[in-house]
$ cat data-v4.txt   # compact mmCIF, C-alpha atoms
# COMPACT_ATOMS: atom_id res chain seq x y z
CA MET A 1376 -5.28 -3.33 -43.73
CA ARG A 1377 -8.28 -5.33 -44.93
CA ALA A 1378 -8.56 -5.41 -48.72
CA PRO A 1379 -11.53 -3.41 -50.11
CA HIS A 1380 -13.23 -6.52 -51.59
CA MET A 1381 -13.16 -8.49 -48.35
CA PRO A 1382 -16.23 -8.40 -46.05
CA HIS A 1383 -16.06 -6.74 -42.69
CA PRO A 1384 -15.70 -9.07 -39.69
CA THR A 1385 -18.97 -9.71 -37.86
CA LEU A 1386 -18.84 -8.46 -34.26
CA VAL A 1387 -21.52 -9.19 -31.67
CA ILE A 1388 -21.60 -6.67 -28.81
CA ILE A 1389 -23.47 -7.42 -25.58
CA ASP A 1390 -24.50 -4.00 -24.36
CA GLY A 1391 -24.85 -3.17 -20.68
CA PRO A 1392 -24.59 -0.37 -18.12
CA GLY A 1393 -21.25 1.34 -17.68
CA GLY A 1394 -18.33 1.55 -20.05
CA PRO A 1395 -18.29 3.59 -23.27
CA THR A 1396 -21.71 4.67 -24.52
CA PRO A 1397 -23.24 3.22 -27.71
CA ASP A 1398 -22.67 6.55 -29.47
CA TRP A 1399 -18.98 6.27 -28.65
CA TYR A 1400 -18.33 2.64 -29.59
CA LEU A 1401 -20.69 2.35 -32.58
CA SER A 1402 -19.27 5.38 -34.37
CA ARG A 1403 -15.82 3.82 -34.11
CA LEU A 1404 -16.69 0.23 -34.95
CA CYS A 1405 -19.44 0.31 -37.57
CA PRO A 1406 -17.18 1.56 -40.40
CA ASP A 1407 -14.93 -1.50 -40.00
CA TYR A 1408 -17.22 -4.22 -38.64
CA ASP A 1409 -20.63 -5.72 -39.31
CA VAL A 1410 -21.89 -4.85 -35.83
CA HIS A 1411 -24.78 -6.58 -34.06
CA VAL A 1412 -25.86 -5.45 -30.58
CA LEU A 1413 -27.68 -7.59 -28.03
CA TRP A 1414 -29.28 -5.64 -25.19
CA ARG A 1415 -31.62 -6.02 -22.23
CA PRO A 1416 -34.36 -3.47 -21.51
CA GLY A 1417 -33.30 -1.09 -18.74
CA PRO A 1418 -35.31 0.17 -15.75
CA ASP A 1419 -35.56 3.74 -17.09
CA PRO A 1420 -37.98 3.79 -20.08
CA ALA A 1421 -36.70 7.13 -21.39
CA ALA A 1422 -33.06 6.03 -21.26
CA HIS A 1423 -34.04 2.75 -22.85
CA GLU A 1424 -35.75 4.51 -25.76
CA ARG A 1425 -32.75 6.76 -26.35
CA ARG A 1426 -30.48 3.71 -26.44
CA VAL A 1427 -32.72 1.91 -28.92
CA ARG A 1428 -32.85 4.97 -31.19
CA THR A 1429 -29.05 5.01 -31.19
CA PHE A 1430 -28.91 1.35 -32.16
CA ASP A 1431 -31.51 1.93 -34.89
CA SER A 1432 -29.30 4.57 -36.50
CA TRP A 1433 -26.15 2.45 -36.55
CA CYS A 1434 -26.56 -1.30 -36.73
CA ALA A 1435 -28.58 -4.48 -36.36
CA HIS A 1436 -29.74 -5.05 -32.79
CA VAL A 1437 -31.98 -7.34 -30.77
CA GLY A 1438 -33.56 -7.01 -27.36
CA VAL A 1439 -32.88 -10.18 -25.38
CA PRO A 1440 -36.03 -11.42 -23.60
CA ALA A 1441 -35.88 -11.05 -19.83
CA ASP A 1442 -36.44 -14.77 -19.29
CA ALA A 1443 -33.76 -15.86 -21.79
CA ASP A 1444 -30.35 -17.09 -20.67
CA LEU A 1445 -27.99 -14.43 -22.02
CA THR A 1446 -25.13 -16.83 -22.74
CA ASP A 1447 -27.31 -19.31 -24.63
CA TYR A 1448 -29.02 -16.52 -26.54
CA THR A 1449 -25.67 -15.01 -27.52
CA VAL A 1450 -24.28 -18.36 -28.67
CA GLU A 1451 -27.28 -19.05 -30.89
CA TYR A 1452 -27.35 -15.53 -32.30
CA ALA A 1453 -23.61 -15.57 -33.01
CA LYS A 1454 -23.96 -18.94 -34.76
CA ARG A 1455 -26.77 -17.68 -37.00
CA HIS A 1456 -24.77 -14.65 -38.05
CA SER A 1457 -21.37 -16.38 -38.34
CA ALA A 1458 -19.83 -14.02 -35.82
CA ASP A 1459 -16.07 -13.50 -35.85
CA GLY A 1460 -16.02 -12.13 -32.32
CA ILE A 1461 -18.06 -11.35 -29.21
CA VAL A 1462 -17.33 -8.48 -26.84
CA ALA A 1463 -18.82 -6.67 -23.86
CA PHE A 1464 -17.59 -3.22 -22.87
CA SER A 1465 -19.76 -3.29 -19.74
CA GLU A 1466 -18.67 -5.16 -16.62
CA ILE A 1467 -22.11 -6.70 -16.11
CA PRO A 1468 -22.30 -9.11 -19.13
CA VAL A 1469 -18.55 -9.76 -19.47
CA VAL A 1470 -18.78 -13.36 -18.21
CA GLU A 1471 -21.55 -14.16 -20.69
CA ALA A 1472 -19.51 -12.65 -23.54
CA HIS A 1473 -16.39 -14.70 -22.78
CA THR A 1474 -18.41 -17.85 -22.08
CA ALA A 1475 -20.17 -17.56 -25.44
CA ALA A 1476 -16.85 -16.93 -27.20
CA ALA A 1477 -15.34 -20.01 -25.55
CA GLU A 1478 -18.35 -22.10 -26.55
CA LEU A 1479 -17.89 -21.09 -30.19
CA GLY A 1480 -14.09 -21.26 -30.27
CA LEU A 1481 -13.77 -17.49 -30.81
CA PRO A 1482 -11.01 -15.34 -29.29
CA GLY A 1483 -11.51 -14.69 -25.59
CA ASN A 1484 -10.37 -15.85 -22.20
CA PRO A 1485 -10.06 -19.64 -21.80
CA ARG A 1486 -12.90 -21.63 -20.32
CA GLU A 1487 -10.96 -22.46 -17.13
CA SER A 1488 -10.56 -18.75 -16.33
CA LEU A 1489 -14.27 -17.93 -16.58
CA PRO A 1490 -15.26 -18.79 -12.98
CA VAL A 1491 -12.91 -16.11 -11.62
CA LEU A 1492 -13.82 -13.24 -13.95
CA ARG A 1493 -16.32 -11.59 -11.57
CA ASN A 1494 -15.90 -13.67 -8.40
CA LYS A 1495 -13.84 -11.85 -5.78
CA THR A 1496 -13.34 -14.91 -3.58
CA ARG A 1497 -11.96 -17.04 -6.41
CA GLN A 1498 -9.80 -14.18 -7.64
CA ARG A 1499 -8.18 -13.75 -4.23
CA ALA A 1500 -7.60 -17.48 -3.90
CA ALA A 1501 -5.92 -17.53 -7.34
CA PHE A 1502 -3.79 -14.51 -6.42
CA ARG A 1503 -2.70 -16.07 -3.15
CA ALA A 1504 -1.80 -19.36 -4.86
CA ALA A 1505 0.34 -17.45 -7.38
CA GLY A 1506 2.08 -15.35 -4.74
CA VAL A 1507 0.32 -12.11 -5.64
CA PRO A 1508 -0.18 -10.10 -2.40
CA VAL A 1509 -3.83 -9.97 -1.27
CA PRO A 1510 -5.58 -9.07 1.98
CA ARG A 1511 -6.95 -11.69 4.36
CA PHE A 1512 -10.48 -12.69 3.34
CA ALA A 1513 -13.40 -14.98 4.04
CA GLU A 1514 -16.60 -15.68 2.11
CA VAL A 1515 -19.79 -15.12 4.11
CA ARG A 1516 -23.35 -16.26 3.32
CA THR A 1517 -25.14 -15.56 6.59
CA ALA A 1518 -25.04 -13.21 9.55
CA GLU A 1519 -23.54 -16.04 11.62
CA GLU A 1520 -20.70 -16.53 9.14
CA PHE A 1521 -20.17 -12.76 9.15
CA HIS A 1522 -19.67 -12.84 12.93
CA GLU A 1523 -17.23 -15.75 12.62
CA ALA A 1524 -15.28 -14.12 9.79
CA ARG A 1525 -14.65 -11.03 11.91
CA HIS A 1526 -12.29 -13.12 14.06
CA THR A 1527 -10.46 -14.86 11.20
CA VAL A 1528 -10.09 -11.78 9.00
CA GLY A 1529 -9.62 -9.22 11.77
CA LEU A 1530 -10.74 -5.61 12.02
CA PRO A 1531 -10.88 -3.10 10.49
CA ALA A 1532 -12.38 -4.85 7.47
CA VAL A 1533 -14.57 -4.31 4.42
CA LEU A 1534 -17.76 -6.20 3.55
CA LYS A 1535 -18.58 -6.35 -0.18
CA PRO A 1536 -20.50 -8.61 -2.59
CA VAL A 1537 -18.56 -11.50 -4.09
CA VAL A 1538 -20.02 -10.43 -7.44
CA GLY A 1539 -20.67 -6.71 -7.57
CA ALA A 1540 -20.13 -3.56 -9.58
CA GLY A 1541 -18.73 -0.24 -8.48
CA SER A 1542 -19.12 0.09 -4.71
CA MET A 1543 -22.58 -1.43 -4.45
CA ALA A 1544 -23.51 -2.79 -0.99
CA THR A 1545 -19.98 -2.17 0.31
CA HIS A 1546 -19.53 -1.34 3.99
CA ALA A 1547 -16.65 -0.55 6.31
CA VAL A 1548 -16.56 -2.77 9.40
CA ASP A 1549 -14.94 -1.46 12.61
CA ALA A 1550 -14.62 -2.82 16.14
CA ASP A 1551 -17.54 -0.82 17.58
CA ASP A 1552 -19.98 -1.51 14.74
CA ASP A 1553 -23.20 -3.48 15.09
CA LEU A 1554 -22.53 -6.43 12.78
CA ASP A 1555 -26.18 -7.47 12.53
CA GLU A 1556 -27.15 -3.96 11.42
CA ILE A 1557 -24.36 -3.84 8.82
CA TRP A 1558 -25.35 -7.28 7.50
CA ALA A 1559 -29.00 -6.26 7.18
CA GLN A 1560 -28.10 -3.01 5.40
CA ALA A 1561 -25.69 -4.73 3.02
CA CYS A 1562 -28.17 -7.46 2.09
CA GLN A 1563 -30.96 -4.95 1.53
CA ALA A 1564 -28.74 -2.73 -0.62
CA TYR A 1565 -27.67 -5.72 -2.68
CA VAL A 1566 -31.20 -6.96 -3.29
CA ASN A 1567 -32.46 -3.45 -4.14
CA ASP A 1568 -29.67 -2.75 -6.63
CA PRO A 1569 -30.58 -3.81 -10.20
CA ARG A 1570 -27.01 -5.09 -10.61
CA GLY A 1571 -27.44 -7.39 -7.61
CA GLY A 1572 -29.58 -10.46 -7.11
CA ALA A 1573 -31.95 -12.25 -4.80
CA ARG A 1574 -29.35 -14.27 -2.83
CA PRO A 1575 -26.56 -12.10 -1.41
CA LEU A 1576 -23.10 -13.63 -1.15
CA PHE A 1577 -20.41 -11.48 0.44
CA ILE A 1578 -16.72 -11.45 1.16
CA LEU A 1579 -15.21 -9.92 4.29
CA GLU A 1580 -11.66 -8.82 3.74
CA GLN A 1581 -8.94 -7.10 5.68
CA ARG A 1582 -9.10 -3.33 5.24
CA LEU A 1583 -5.81 -2.33 3.69
CA ILE A 1584 -4.01 0.68 5.15
CA GLY A 1585 -2.85 2.90 2.35
CA SER A 1586 0.46 4.69 2.13
CA GLN A 1587 0.96 8.08 0.51
CA TRP A 1588 3.02 7.44 -2.61
CA TYR A 1589 2.38 10.94 -3.97
CA PRO A 1590 3.97 14.23 -2.88
CA ASP A 1591 0.53 15.85 -3.26
CA ALA A 1592 -2.10 14.85 -0.66
CA ARG A 1593 -4.89 15.52 -3.18
CA TYR A 1594 -4.15 12.08 -4.68
CA GLY A 1595 -5.62 8.92 -3.20
CA ASP A 1596 -3.82 5.77 -2.07
CA HIS A 1597 -5.10 3.48 -4.81
CA VAL A 1598 -4.60 3.13 -8.58
CA SER A 1599 -5.79 1.04 -11.49
CA VAL A 1600 -3.95 -0.38 -14.48
CA GLU A 1601 -5.62 -0.43 -17.90
CA SER A 1602 -4.35 -3.24 -20.11
CA ILE A 1603 -4.95 -5.26 -23.26
CA VAL A 1604 -4.13 -8.98 -23.30
CA ARG A 1605 -3.82 -10.63 -26.69
CA ARG A 1606 -2.79 -14.25 -27.12
CA GLY A 1607 -1.40 -14.20 -23.60
CA ARG A 1608 0.78 -11.11 -24.09
CA VAL A 1609 -0.02 -8.31 -21.65
CA THR A 1610 0.27 -4.69 -22.84
CA HIS A 1611 -0.26 -2.03 -20.18
CA LEU A 1612 -1.86 1.10 -21.59
CA ALA A 1613 -1.78 3.31 -18.51
CA VAL A 1614 -1.60 3.46 -14.74
CA THR A 1615 -4.56 5.56 -13.60
CA ASP A 1616 -4.22 7.79 -10.55
CA LYS A 1617 -7.25 8.21 -8.26
CA PHE A 1618 -8.54 10.96 -6.01
CA PRO A 1619 -9.29 10.20 -2.34
CA LEU A 1620 -12.43 8.16 -1.69
CA SER A 1621 -15.54 9.53 -0.05
CA PRO A 1622 -16.97 7.43 2.79
CA PRO A 1623 -17.52 4.59 2.75
CA PHE A 1624 -15.73 3.69 -0.52
CA ARG A 1625 -17.02 6.00 -3.27
CA GLU A 1626 -14.67 7.03 -6.05
CA ASN A 1627 -14.39 10.71 -6.94
CA GLY A 1628 -12.56 10.64 -10.23
CA SER A 1629 -9.27 9.68 -11.79
CA MET A 1630 -6.61 10.86 -14.19
CA LEU A 1631 -4.02 9.37 -16.51
CA PRO A 1632 -1.20 8.96 -17.29
CA SER A 1633 0.10 8.55 -13.75
CA VAL A 1634 2.29 11.21 -12.18
CA LEU A 1635 4.09 8.61 -10.06
CA PRO A 1636 7.84 8.15 -10.65
CA THR A 1637 8.74 5.72 -13.41
CA GLU A 1638 10.06 3.10 -11.00
CA ARG A 1639 6.78 3.13 -9.08
CA VAL A 1640 4.78 2.76 -12.30
CA ARG A 1641 6.93 -0.21 -13.33
CA GLU A 1642 6.39 -1.82 -9.92
CA ILE A 1643 2.63 -1.49 -10.26
CA GLU A 1644 2.66 -2.79 -13.85
CA ALA A 1645 4.69 -5.84 -12.79
CA CYS A 1646 2.07 -6.63 -10.14
CA ALA A 1647 -0.68 -6.19 -12.73
CA THR A 1648 1.03 -8.64 -15.07
CA ALA A 1649 1.31 -11.16 -12.23
CA ALA A 1650 -2.39 -10.74 -11.43
CA VAL A 1651 -3.44 -11.26 -15.05
CA GLU A 1652 -1.27 -14.36 -15.34
CA ALA A 1653 -2.58 -15.73 -12.02
CA LEU A 1654 -6.13 -15.66 -13.42
CA GLY A 1655 -5.11 -17.22 -16.74
CA LEU A 1656 -6.43 -14.36 -18.90
CA THR A 1657 -5.32 -14.52 -22.53
CA ASP A 1658 -7.53 -12.33 -24.75
CA SER A 1659 -9.40 -9.37 -23.27
CA ALA A 1660 -9.33 -5.89 -21.90
CA VAL A 1661 -8.24 -5.79 -18.25
CA HIS A 1662 -8.74 -3.27 -15.46
CA THR A 1663 -6.69 -4.14 -12.35
CA GLU A 1664 -7.11 -2.24 -9.07
CA PHE A 1665 -4.42 -1.87 -6.41
CA LYS A 1666 -4.14 -0.36 -2.95
CA LEU A 1667 -0.81 1.41 -2.47
CA THR A 1668 0.63 0.25 0.87
CA ALA A 1669 3.94 0.62 2.68
CA GLU A 1670 4.74 -2.98 1.62
CA GLY A 1671 3.96 -2.30 -2.05
CA PRO A 1672 0.92 -2.58 -4.34
CA MET A 1673 -1.79 -4.92 -2.98
CA ALA A 1674 -4.23 -6.43 -5.49
CA ILE A 1675 -7.89 -5.53 -4.93
CA GLU A 1676 -9.52 -7.04 -8.02
CA VAL A 1677 -9.33 -7.60 -11.76
CA ASN A 1678 -12.12 -6.81 -14.23
CA CYS A 1679 -12.21 -7.85 -17.90
CA ARG A 1680 -13.10 -4.42 -19.17
CA ILE A 1681 -11.47 -1.01 -18.95
CA GLY A 1682 -12.08 1.38 -16.04
CA GLY A 1683 -14.82 3.98 -16.06
CA GLY A 1684 -13.79 7.06 -18.04
CA ALA A 1685 -10.47 5.54 -19.12
CA VAL A 1686 -11.71 4.98 -22.68
CA GLU A 1687 -12.27 8.68 -23.16
CA MET A 1688 -9.13 9.69 -21.24
CA LEU A 1689 -6.93 7.43 -23.37
CA HIS A 1690 -8.48 8.94 -26.50
CA HIS A 1691 -8.01 12.55 -25.42
CA SER A 1692 -4.57 12.18 -23.79
CA ALA A 1693 -2.88 9.72 -26.14
CA GLY A 1694 -5.10 9.38 -29.21
CA TYR A 1695 -5.53 5.69 -28.35
CA ASP A 1696 -8.67 3.93 -29.61
CA PHE A 1697 -9.39 1.38 -26.91
CA VAL A 1698 -12.70 0.35 -28.48
CA ALA A 1699 -10.96 -0.56 -31.75
CA ALA A 1700 -8.25 -2.46 -29.86
CA THR A 1701 -10.79 -4.50 -27.90
CA ALA A 1702 -12.73 -5.34 -31.07
CA ALA A 1703 -9.48 -6.43 -32.75
CA VAL A 1704 -8.67 -8.77 -29.85
CA ALA A 1705 -12.22 -10.20 -29.88
CA THR A 1706 -12.08 -10.97 -33.61
CA GLY A 1707 -8.46 -12.16 -33.76
CA GLY A 1708 -7.30 -9.19 -35.78
CA GLY A 1709 -4.19 -7.06 -35.49
CA LEU A 1710 -4.11 -4.35 -32.86
CA PRO A 1711 -4.54 -0.82 -34.29

$ encode --input "data-v4.txt" --output "structure tokens"
Amino acid sequence: MRAPHMPHPTLVIIDGPGGPTPDWYLSRLCPDYDVHVLWRPGPDPAAHERRVRTFDSWCAHVGVPADADLTDYTVEYAKRHSADGIVAFSEIPVVEAHTAAAELGLPGNPRESLPVLRNKTRQRAAFRAAGVPVPRFAEVRTAEEFHEARHTVGLPAVLKPVVGAGSMATHAVDADDDLDEIWAQACQAYVNDPRGGARPLFILEQRLIGSQWYPDARYGDHVSVESIVRRGRVTHLAVTDKFPLSPPFRENGSMLPSVLPTERVREIEACATAAVEALGLTDSAVHTEFKLTAEGPMAIEVNCRIGGGAVEMLHHSAGYDFVAATAAVATGGGLP
């Protein structure tokens, strides 16, 4: 416990869409940290104003100019305020948060791991090199490469952005599909999505065939693992069960803790540990997704944040404060 006369650690939070809301994380962190929030204006003026009012009531905050490099801005801001840690609960700015932390020598994932944090192609290559099971894949930049990749990857397959969020611009690809039409739709969806960008880059990967690991068909054939990594030690908080997807790949909810048998949970956790180690992650929250196949869990991707809704579910089911744990990792403190 921090002595009463000692100052609170200074924590810089890069806010973004998704993850726990400001109301949730600020109420838990402001009593123990000198919190500063960096944020970008959102597309919805009303939602933006509500967010700013929340920040006004809790802590210091700054709107980052649209033309400013978020990493550089964060580094300079953190320097000025002698920050002890930098964190992002949202998937979108997580690379900038860890890059800024690495630049300043603050706790976070090492510099060599940063290129893989949100890049699906590099993640799969790292998994494959470490012996972690992954589907066949190929990176595609043009419609011509998409046509070529169909033969190397095989069908059925899935086309998705190399850097994405949720299921944005993700399409199933089957033998009878018009590839040019799918490519055009995927590129347009990516460009139109505020989380996307102007130059689409996609990955085509083998569509994994799931196996029913549950006695109840109302469960899906995929799971996630919610973890905390601190100084290279991986602690798994929960395996999260999922409900069946809606076409093409839209999630419909999840629940934890898992109802799978203990030996199945341990098998999934072991694969999650291998995936984290393959990417070289040392200090962060981790959300690892797996497809459950007849051959075992198959890694889909790793994100350096916790899964949607899992923060609240861990709180209500186990009394676990994930926000406090993530802040402790980011500032080099002891886990609560």

$ residues_around --input "data-v4.txt" --residues "A:Glu1471" --least-positions-apart "5" --cutoff "10 Å" --atoms "all atoms listed in the file" --output "list in words"
Ile1389, Asp1444, Leu1445, Thr1446, Asp1447, Tyr1448, Thr1449, Val1450, Ile1461, Val1462, Ala1463, Ala1476, Ala1477 and Leu1489 of chain A

$ residues_around --input "data-v4.txt" --residues "A:Ser1488" --least-positions-apart "2" --cutoff "12 Å" --atoms "all atoms listed in the file" --output "PyMOL selection string"
chain A and resi 1470+1473-1474+1477+1483-1486+1490-1494+1497-1498+1501+1651-1659+1679

$ atom_distance --input "data-v4.txt" --atom1 "atom CA of A:Asp1596" --atom2 "atom CA of A:Gly1683"
17.9 Å

$ residues_around --input "data-v4.txt" --residues "A:Thr1545" --least-positions-apart "2" --cutoff "7 Å" --atoms "only C-alpha atoms" --output "JSON, numbers by chain"
{"A": [1534, 1535, 1542, 1543, 1561]}

$ write_last_selection --input "data-v4.txt" --atoms "C-alpha atoms" --output "tab-separated table (two decimals), in the coordinates of the input"
chain	number	residue	atom	x	y	z
A	1534	LEU	CA	-17.76	-6.20	3.55
A	1535	LYS	CA	-18.58	-6.35	-0.18
A	1542	SER	CA	-19.12	0.09	-4.71
A	1543	MET	CA	-22.58	-1.43	-4.45
A	1561	ALA	CA	-25.69	-4.73	3.02

$ residues_around --input "data-v4.txt" --residues "A:Ile1643" --least-positions-apart "5" --cutoff "10 Å" --atoms "all atoms listed in the file" --output "list in words"
Val1598, Ser1599, Val1600, Val1614, Thr1637, Glu1638, Thr1648, Ala1649, Thr1663, Glu1664, Phe1665, Leu1667, Gly1671, Pro1672, Met1673 and Ala1674 of chain A

$ write_last_selection --input "data-v4.txt" --atoms "C-alpha atoms" --output "PDB file, in the coordinates of the input"
ATOM      1  CA  VAL A1598      -4.600   3.130  -8.580  1.00  0.00           C
ATOM      2  CA  SER A1599      -5.790   1.040 -11.490  1.00  0.00           C
ATOM      3  CA  VAL A1600      -3.950  -0.380 -14.480  1.00  0.00           C
ATOM      4  CA  VAL A1614      -1.600   3.460 -14.740  1.00  0.00           C
ATOM      5  CA  THR A1637       8.740   5.720 -13.410  1.00  0.00           C
ATOM      6  CA  GLU A1638      10.060   3.100 -11.000  1.00  0.00           C
ATOM      7  CA  THR A1648       1.030  -8.640 -15.070  1.00  0.00           C
ATOM      8  CA  ALA A1649       1.310 -11.160 -12.230  1.00  0.00           C
ATOM      9  CA  THR A1663      -6.690  -4.140 -12.350  1.00  0.00           C
ATOM     10  CA  GLU A1664      -7.110  -2.240  -9.070  1.00  0.00           C
ATOM     11  CA  PHE A1665      -4.420  -1.870  -6.410  1.00  0.00           C
ATOM     12  CA  LEU A1667      -0.810   1.410  -2.470  1.00  0.00           C
ATOM     13  CA  GLY A1671       3.960  -2.300  -2.050  1.00  0.00           C
ATOM     14  CA  PRO A1672       0.920  -2.580  -4.340  1.00  0.00           C
ATOM     15  CA  MET A1673      -1.790  -4.920  -2.980  1.00  0.00           C
ATOM     16  CA  ALA A1674      -4.230  -6.430  -5.490  1.00  0.00           C
TER      17      ALA A1674
END

$ atom_distance --input "data-v4.txt" --atom1 "atom CA of A:Val1538" --atom2 "atom CA of A:Lys1495"
6.6 Å

$ residues_around --input "data-v4.txt" --residues "A:His1456" --least-positions-apart "2" --cutoff "10 Å" --atoms "all atoms listed in the file" --output "PyMOL selection string"
chain A and resi 1385-1387+1409+1411+1451-1454+1458-1459

$ atom_distance --input "data-v4.txt" --atom1 "atom CA of A:Leu1401" --atom2 "atom CA of A:Ala1613"
23.6 Å

$ closest_residue --input "data-v4.txt" --among "A:Pro1420, A:Gly1529, A:Pro1392, A:Gly1460" --to "A:Pro1482" --atoms "all atoms listed in the file"
A:Gly1460

$ residues_near_point --input "data-v4.txt" --point "(-10.5, 8.7, -27.8)" --cutoff "12 Å" --atoms "only C-alpha atoms" --output "PyMOL selection string"
chain A and resi 1395+1399-1400+1402-1403+1684-1700

$ write_last_selection --input "data-v4.txt" --atoms "C-alpha atoms" --output "PDB file, keeping the file's coordinate frame"
ATOM      1  CA  PRO A1395     -18.290   3.590 -23.270  1.00  0.00           C
ATOM      2  CA  TRP A1399     -18.980   6.270 -28.650  1.00  0.00           C
ATOM      3  CA  TYR A1400     -18.330   2.640 -29.590  1.00  0.00           C
ATOM      4  CA  SER A1402     -19.270   5.380 -34.370  1.00  0.00           C
ATOM      5  CA  ARG A1403     -15.820   3.820 -34.110  1.00  0.00           C
ATOM      6  CA  GLY A1684     -13.790   7.060 -18.040  1.00  0.00           C
ATOM      7  CA  ALA A1685     -10.470   5.540 -19.120  1.00  0.00           C
ATOM      8  CA  VAL A1686     -11.710   4.980 -22.680  1.00  0.00           C
ATOM      9  CA  GLU A1687     -12.270   8.680 -23.160  1.00  0.00           C
ATOM     10  CA  MET A1688      -9.130   9.690 -21.240  1.00  0.00           C
ATOM     11  CA  LEU A1689      -6.930   7.430 -23.370  1.00  0.00           C
ATOM     12  CA  HIS A1690      -8.480   8.940 -26.500  1.00  0.00           C
ATOM     13  CA  HIS A1691      -8.010  12.550 -25.420  1.00  0.00           C
ATOM     14  CA  SER A1692      -4.570  12.180 -23.790  1.00  0.00           C
ATOM     15  CA  ALA A1693      -2.880   9.720 -26.140  1.00  0.00           C
ATOM     16  CA  GLY A1694      -5.100   9.380 -29.210  1.00  0.00           C
ATOM     17  CA  TYR A1695      -5.530   5.690 -28.350  1.00  0.00           C
ATOM     18  CA  ASP A1696      -8.670   3.930 -29.610  1.00  0.00           C
ATOM     19  CA  PHE A1697      -9.390   1.380 -26.910  1.00  0.00           C
ATOM     20  CA  VAL A1698     -12.700   0.350 -28.480  1.00  0.00           C
ATOM     21  CA  ALA A1699     -10.960  -0.560 -31.750  1.00  0.00           C
ATOM     22  CA  ALA A1700      -8.250  -2.460 -29.860  1.00  0.00           C
TER      23      ALA A1700
END

$ closest_residue --input "data-v4.txt" --among "A:Pro1531, A:Pro1575, A:Gly1709, A:Gly1628" --to "A:Val1515" --atoms "all atoms listed in the file"
A:Pro1575

$ closest_residue --input "data-v4.txt" --among "A:Pro1711, A:Asp1431, A:Ala1564, A:Arg1574" --to "A:Ile1603" --atoms "all atoms listed in the file"
A:Pro1711

$ closest_residue --input "data-v4.txt" --among "A:His1423, A:His1383, A:His1611, A:Lys1666" --to "A:Arg1641" --atoms "only C-alpha atoms"
A:His1611
